Amino acid sequence: MVALRHAGTRLRGWLAGASWVLGSLAFLLAAGVVSLGVGPAWLSPAEVIGVLLGGGAEAERAIVLDIRLPRIALGALVGGALGVSGAAMQGLFRNPMADPYIVGVSPGAALGAVLVTALGLSAGFLGLSAVPLAAFCGGLGAALVVVVLARRGGRVPVADLLLVGLAVGAFAGAIYSFLILRLDDGRISSVLFWLLGSLAPATWDRVLVALPYLAVATAGLLLLSRDLDVFSLGEEQAGYLGIRVERMKLRAVALAALAASAAVAVSGVIGFVGLIVPHVARLLAGPRHVLLIPVSGLWGAAFLVLADAGARTAIPSSEIPVGVVTAFCGAPFFLYLLRKSRKRESL
Amino acid sequence: MSPELALEVRGVRVGYGADDKLHGVTLEVPAGSFLAVVGPNGSGKSTLLRTMARALAPRTGAVLLEGRRTSSWKPKEFAREVAVVSQEGSPAFDYTVHEVVRMGRTPYEGRLTPDPGGRRAVEDALREVGVWHLRDRRLSGLSGGEKQLVTLARALAQEPEVLLLDEPTNHLDIHHQVAFMEVLLRLNAAGKTVLMIVHDLNLAARYAHRVVVMKGGRISAAGPPSVALRPEVIEGVFGAEVELSISPRTGALQIQPVGVLSAGQPSEPEVHVICGGGSGAVLMCRLREEGIGFSAGVVSVGDTDHAVARSLGVPIIEGEAYAPISEDAHARNVAAARRARAVVVCDMPVGRGNLRNLEAAAAAQEAGVPVVLLRGGLPLWTEQRDYTGGEATRLLDRLAARGAPEAGSVDEAVGGLTREAARARPAAGRYQNI
């Protein structure tokens, strides 16, 4: 009887998890359909679904499938990568204020991108042009430098990771700021657009290039999800429970930095998604990483798709960088959450 | 190497940096034993525990689990044998009780493989510790005591043979403290080895089979509680004088601090307390609490009032046990009473042997020192207190007739003395200036 009841609660727990994931997926699809209809030529959701199912006029098909769909796919991919990476970094740092760029990924990527622009390089590789390639290498390279510098006697203390990440980021920032000042006007605006984050140069090539990194990082982090749960008890306690703490930290940092670097490479530095989305997901779906990671990914994807729809249409016949939109919506919301949680603590 | 040892520490030196925290510690933990480790702050207790749990690596020496060096165990295998309840705080994120206890199954879980015994073990652990009803609550909503029980349940979910606990009952109220220790006793009776660091010597004496006393990174005593916690050991290690007794309820050794050695000078006596047979104990405690300096006399060695006065570190005019007050003691008693600003005569039984105590009070009264007679509310109160055939009563009546007020309670007496002291103090300052 007891066993039966317990099996019942387990089933309920599993169903609850599954319904969170399926519900989030439905939310993402709805966001995608709405976003596909938004733009200079407005289409109703019904029309969009018609086109997706193979109907519709020639012009509508061109707008939805060739112009908007790659961009929305890229937005979903980048948002997903940031959500997943942010959830993992927050788990690793045991701090809901951590974000995907915390180990120096974004300044590193920016330095790579600015450097290539300043040198005027244009070589491409694997369908990527020079700037995304350099950004990807810069982001991962910065993370590697941070881990190596934070290493002390075979251990990487998480607090050191944070501080070294700040220092390396500031150093990279100093260099690229100096380089930007010496660029000519045309290049400055293109670099600035990239720095603020934008999905404008979306192509299917970019989607396909970024996809494997997100897939690998998400799968890897899902495998680490139980370790991340135990890690929240503290490093020493996690060690007492049989986790090889140092190895697990390095894997988590590597996978999260991989996802973040891939995202930065194809879309520039889009802030706040990787900070807020996992935070909200944890409040609503609970802290267990096996659920938190996929839900953060799906919500990150939906959030960025909707933010990009806003970025495309906020100003007629022009567009603003999507990073501006995410920060504009995200920062106040984050402050609201912060005040709410402080109030609860003080009770 | 005997096979019954669960853990063995062999000449372990551990250093965080330049100076060592453990200076060659050797300790054998028999399987199924209940060991308590005590010692002052910074004595290396936690370092020893963390070394045994593999969180710290010894610089020299070795720790053996079931005869094998701990460093040669795989992390998950080790975690199936040894569970640690440390002082670390709550998880960084707000998990439910069930989720936290489930984390105790980590050593049995593969990344993709299921853990067949897991559900059972988690359930049993939740019930064993008595937090089953809390299983769906979030940890942030629990009290400190409940959280500590959850941590213990998590350790039990590991199904370990050895439990290492670092001050597990710190910050727990008495109810949770007892609940926690009862669980440990049950587990120990079921064969688990328990090693626990505690601050509270009475907890160590009450529950542990063996006590290890540490100081300065070394073991300074070890053995059954009555051996390891001898007063001279505790005095040497903690620098505090203690008194041992046996609890009439539990039969356990009780350690009572008598005072910290050489902790400040007692203030100059303002009041002289004449007492005996426990009649002055409460008054003397109150005077100490109010910060009023006092002396006591004549009290016999072995008398309750003698023990209390000595533990409070005040000047005592001592009398021999079961002997009448000597000429010399009486003279010193009179001198002390005359020096005081006030004399309190407690409601003591008076016989031929201590009748001179009342004479001393009378002498002080004649010299102009105010005398207060304390009545009632005393621990050893008996109907008959005059064993002198009326002589003592006559002396008391004369004291009263000459203006000695009666105080109905310790509070009343101390209240009067405090006002007295407040009036007297400026005067005392003037005298000192001359």
# chains A, B, ... in the order shown; residues from 1 in each chain; ligands from 1
>>> interface_residues(of="chain A", to="chain B", cutoff="6 Å", atoms="only C-alpha atoms", output="number ranges by chain")
A: 94, 232-233, 241-242
>>> residues_around(residues="Ser225 in chain A", least_positions_apart="4", cutoff="7 Å", atoms="only C-alpha atoms", output="VMD selection string")
chain A and resid 221 229 289 to 290
>>> select_by_dssp(residues="range 74-318 of chain A", states="alpha helix (DSSP H)", output="JSON, numbers by chain")
{"A": [74, 75, 76, 77, 78, 79, 80, 81, 82, 83, 84, 85, 86, 87, 88, 89, 90, 91, 92, 93, 105, 106, 107, 108, 109, 110, 111, 112, 113, 114, 115, 116, 117, 118, 119, 130, 131, 132, 133, 134, 135, 136, 137, 138, 139, 140, 141, 142, 143, 144, 145, 146, 147, 148, 149, 150, 158, 159, 160, 161, 162, 163, 164, 165, 166, 167, 168, 169, 170, 171, 172, 173, 174, 175, 176, 177, 178, 179, 180, 181, 185, 186, 187, 188, 189, 190, 191, 192, 193, 194, 195, 196, 204, 205, 206, 207, 208, 209, 210, 211, 212, 213, 214, 215, 216, 217, 218, 219, 220, 221, 222, 223, 225, 226, 227, 228, 229, 230, 231, 235, 236, 237, 238, 239, 240, 245, 246, 247, 248, 249, 250, 251, 252, 253, 254, 255, 256, 257, 258, 259, 260, 261, 262, 263, 264, 265, 266, 267, 273, 274, 275, 276, 277, 278, 279, 280, 281, 282, 283, 284, 285, 289, 290, 291, 292, 293, 294, 295, 296, 297, 298, 299, 300, 301, 302, 303, 304, 305, 306, 307, 308, 309, 310, 311, 312, 313]}
>>> atom_distance(atom1="CA of Ala281 in chain A", atom2="CA of Val295 in chain A")
6.7 Å
>>> closest_atom_pairs(of="range 60-104 of chain A", to="range 267-273 of chain A", cutoff="9 Å", atoms="only C-alpha atoms", output="CSV")
residue,atom,partner,partner_atom,distance
A:Leu74,CA,A:Ser267,CA,8.3
A:Gly75,CA,A:Ser267,CA,8.3
A:Val78,CA,A:Ser267,CA,7.3
A:Gly79,CA,A:Val273,CA,6.9
A:Leu82,CA,A:Val273,CA,6.4
A:Gly83,CA,A:Val273,CA,6.5
A:Gly86,CA,A:Val273,CA,8.2
A:Asp99,CA,A:Phe272,CA,7.9
A:Tyr101,CA,A:Gly271,CA,8.8
>>> atom_distance(atom1="CA of Ser300 in chain B", atom2="CA of Glu318 in chain B")
5.7 Å
>>> closest_residue(among="B:Leu152, B:Ala189, B:Val414, B:Ala361", to="Cys285 in chain B", atoms="only C-alpha atoms")
B:Val414
>>> residues_around(residues="Val322 in chain A", least_positions_apart="6", cutoff="12 Å", atoms="only C-alpha atoms", output="count of residues only")
34
>>> residues_around(residues="Gly56 in chain A", least_positions_apart="6", cutoff="12 Å", atoms="only C-alpha atoms", output="MDAnalysis selection string")
chainID A and resid 43:44 46:50 62:65
>>> write_last_selection(atoms="N, CA, C and O atoms", output="PDB file, in the first residue's frame")
ATOM      1  N   LEU A  43       1.584  38.889 -40.695  1.00  0.00           N
ATOM      2  CA  LEU A  43       0.823  37.692 -41.020  1.00  0.00           C
ATOM      3  C   LEU A  43       0.177  37.179 -39.739  1.00  0.00           C
ATOM      4  O   LEU A  43       0.785  37.247 -38.665  1.00  0.00           O
ATOM      5  N   SER A  44      -1.064  36.683 -39.896  1.00  0.00           N
ATOM      6  CA  SER A  44      -1.722  36.130 -38.700  1.00  0.00           C
ATOM      7  C   SER A  44      -1.117  34.766 -38.392  1.00  0.00           C
ATOM      8  O   SER A  44      -0.548  34.117 -39.272  1.00  0.00           O
ATOM      9  N   ALA A  46      -2.559  32.024 -38.114  1.00  0.00           N
ATOM     10  CA  ALA A  46      -3.163  31.017 -38.994  1.00  0.00           C
ATOM     11  C   ALA A  46      -2.437  30.994 -40.337  1.00  0.00           C
ATOM     12  O   ALA A  46      -2.120  29.933 -40.878  1.00  0.00           O
ATOM     13  N   GLU A  47      -2.158  32.191 -40.855  1.00  0.00           N
ATOM     14  CA  GLU A  47      -1.444  32.256 -42.132  1.00  0.00           C
ATOM     15  C   GLU A  47      -0.052  31.633 -42.011  1.00  0.00           C
ATOM     16  O   GLU A  47       0.415  30.908 -42.885  1.00  0.00           O
ATOM     17  N   VAL A  48       0.614  31.935 -40.881  1.00  0.00           N
ATOM     18  CA  VAL A  48       1.957  31.396 -40.675  1.00  0.00           C
ATOM     19  C   VAL A  48       1.921  29.878 -40.646  1.00  0.00           C
ATOM     20  O   VAL A  48       2.726  29.210 -41.297  1.00  0.00           O
ATOM     21  N   ILE A  49       0.928  29.333 -39.931  1.00  0.00           N
ATOM     22  CA  ILE A  49       0.845  27.871 -39.844  1.00  0.00           C
ATOM     23  C   ILE A  49       0.546  27.287 -41.220  1.00  0.00           C
ATOM     24  O   ILE A  49       1.103  26.258 -41.616  1.00  0.00           O
ATOM     25  N   GLY A  50      -0.302  27.987 -41.973  1.00  0.00           N
ATOM     26  CA  GLY A  50      -0.590  27.547 -43.331  1.00  0.00           C
ATOM     27  C   GLY A  50       0.677  27.442 -44.162  1.00  0.00           C
ATOM     28  O   GLY A  50       0.919  26.447 -44.849  1.00  0.00           O
ATOM     29  N   ALA A  62       8.131  33.108 -49.202  1.00  0.00           N
ATOM     30  CA  ALA A  62       9.496  33.655 -49.220  1.00  0.00           C
ATOM     31  C   ALA A  62       9.795  34.392 -47.913  1.00  0.00           C
ATOM     32  O   ALA A  62      10.851  34.206 -47.291  1.00  0.00           O
ATOM     33  N   ILE A  63       8.805  35.203 -47.482  1.00  0.00           N
ATOM     34  CA  ILE A  63       9.033  35.985 -46.252  1.00  0.00           C
ATOM     35  C   ILE A  63       9.206  35.059 -45.062  1.00  0.00           C
ATOM     36  O   ILE A  63      10.163  35.172 -44.277  1.00  0.00           O
ATOM     37  N   VAL A  64       8.294  34.106 -44.905  1.00  0.00           N
ATOM     38  CA  VAL A  64       8.308  33.260 -43.712  1.00  0.00           C
ATOM     39  C   VAL A  64       9.482  32.279 -43.731  1.00  0.00           C
ATOM     40  O   VAL A  64      10.268  32.210 -42.787  1.00  0.00           O
ATOM     41  N   LEU A  65       9.597  31.544 -44.829  1.00  0.00           N
ATOM     42  CA  LEU A  65      10.568  30.447 -44.834  1.00  0.00           C
ATOM     43  C   LEU A  65      11.995  30.911 -45.090  1.00  0.00           C
ATOM     44  O   LEU A  65      12.937  30.396 -44.488  1.00  0.00           O
TER      45      LEU A  65
END
>>> residues_around(residues="Leu253 in chain B", least_positions_apart="2", cutoff="9 Å", atoms="only C-alpha atoms", output="tab-separated table (two decimals) with N, CA, C and O atoms, in the first residue's frame")
chain	number	residue	atom	x	y	z
B	202	ASN	N	29.23	17.21	28.59
B	202	ASN	CA	28.20	16.35	29.16
B	202	ASN	C	27.59	15.43	28.11
B	202	ASN	O	27.27	14.28	28.40
B	205	ALA	N	30.08	12.71	27.63
B	205	ALA	CA	30.08	11.78	28.76
B	205	ALA	C	28.83	10.90	28.76
B	205	ALA	O	28.87	9.74	29.12
B	206	ARG	N	27.74	11.49	28.32
B	206	ARG	CA	26.46	10.78	28.40
B	206	ARG	C	26.34	9.72	27.32
B	206	ARG	O	25.82	8.64	27.56
B	225	PRO	N	34.63	7.80	29.42
B	225	PRO	CA	34.39	9.17	29.88
B	225	PRO	C	34.99	9.48	31.26
B	225	PRO	O	35.60	10.53	31.45
B	226	SER	N	34.84	8.54	32.21
B	226	SER	CA	35.28	8.86	33.57
B	226	SER	C	36.81	8.93	33.65
B	226	SER	O	37.35	9.54	34.57
B	244	LEU	N	32.91	17.02	39.02
B	244	LEU	CA	32.25	15.86	38.44
B	244	LEU	C	31.20	15.34	39.40
B	244	LEU	O	31.39	15.34	40.60
B	245	SER	N	30.08	14.89	38.85
B	245	SER	CA	29.09	14.22	39.67
B	245	SER	C	28.42	13.18	38.80
B	245	SER	O	28.63	13.12	37.60
B	246	ILE	N	27.63	12.35	39.43
B	246	ILE	CA	26.88	11.35	38.67
B	246	ILE	C	25.43	11.75	38.72
B	246	ILE	O	24.87	12.01	39.78
B	247	SER	N	24.80	11.81	37.53
B	247	SER	CA	23.40	12.20	37.50
B	247	SER	C	22.55	11.13	38.15
B	247	SER	O	22.64	9.95	37.80
B	250	THR	N	20.14	9.67	35.14
B	250	THR	CA	20.66	8.92	34.00
B	250	THR	C	21.88	8.09	34.34
B	250	THR	O	22.28	7.23	33.57
B	251	GLY	N	22.46	8.34	35.50
B	251	GLY	CA	23.68	7.63	35.86
B	251	GLY	C	24.89	8.06	35.06
B	251	GLY	O	25.94	7.43	35.14
B	255	ILE	N	29.63	16.99	34.09
B	255	ILE	CA	30.76	17.89	34.27
B	255	ILE	C	30.23	19.29	34.42
B	255	ILE	O	29.51	19.80	33.57
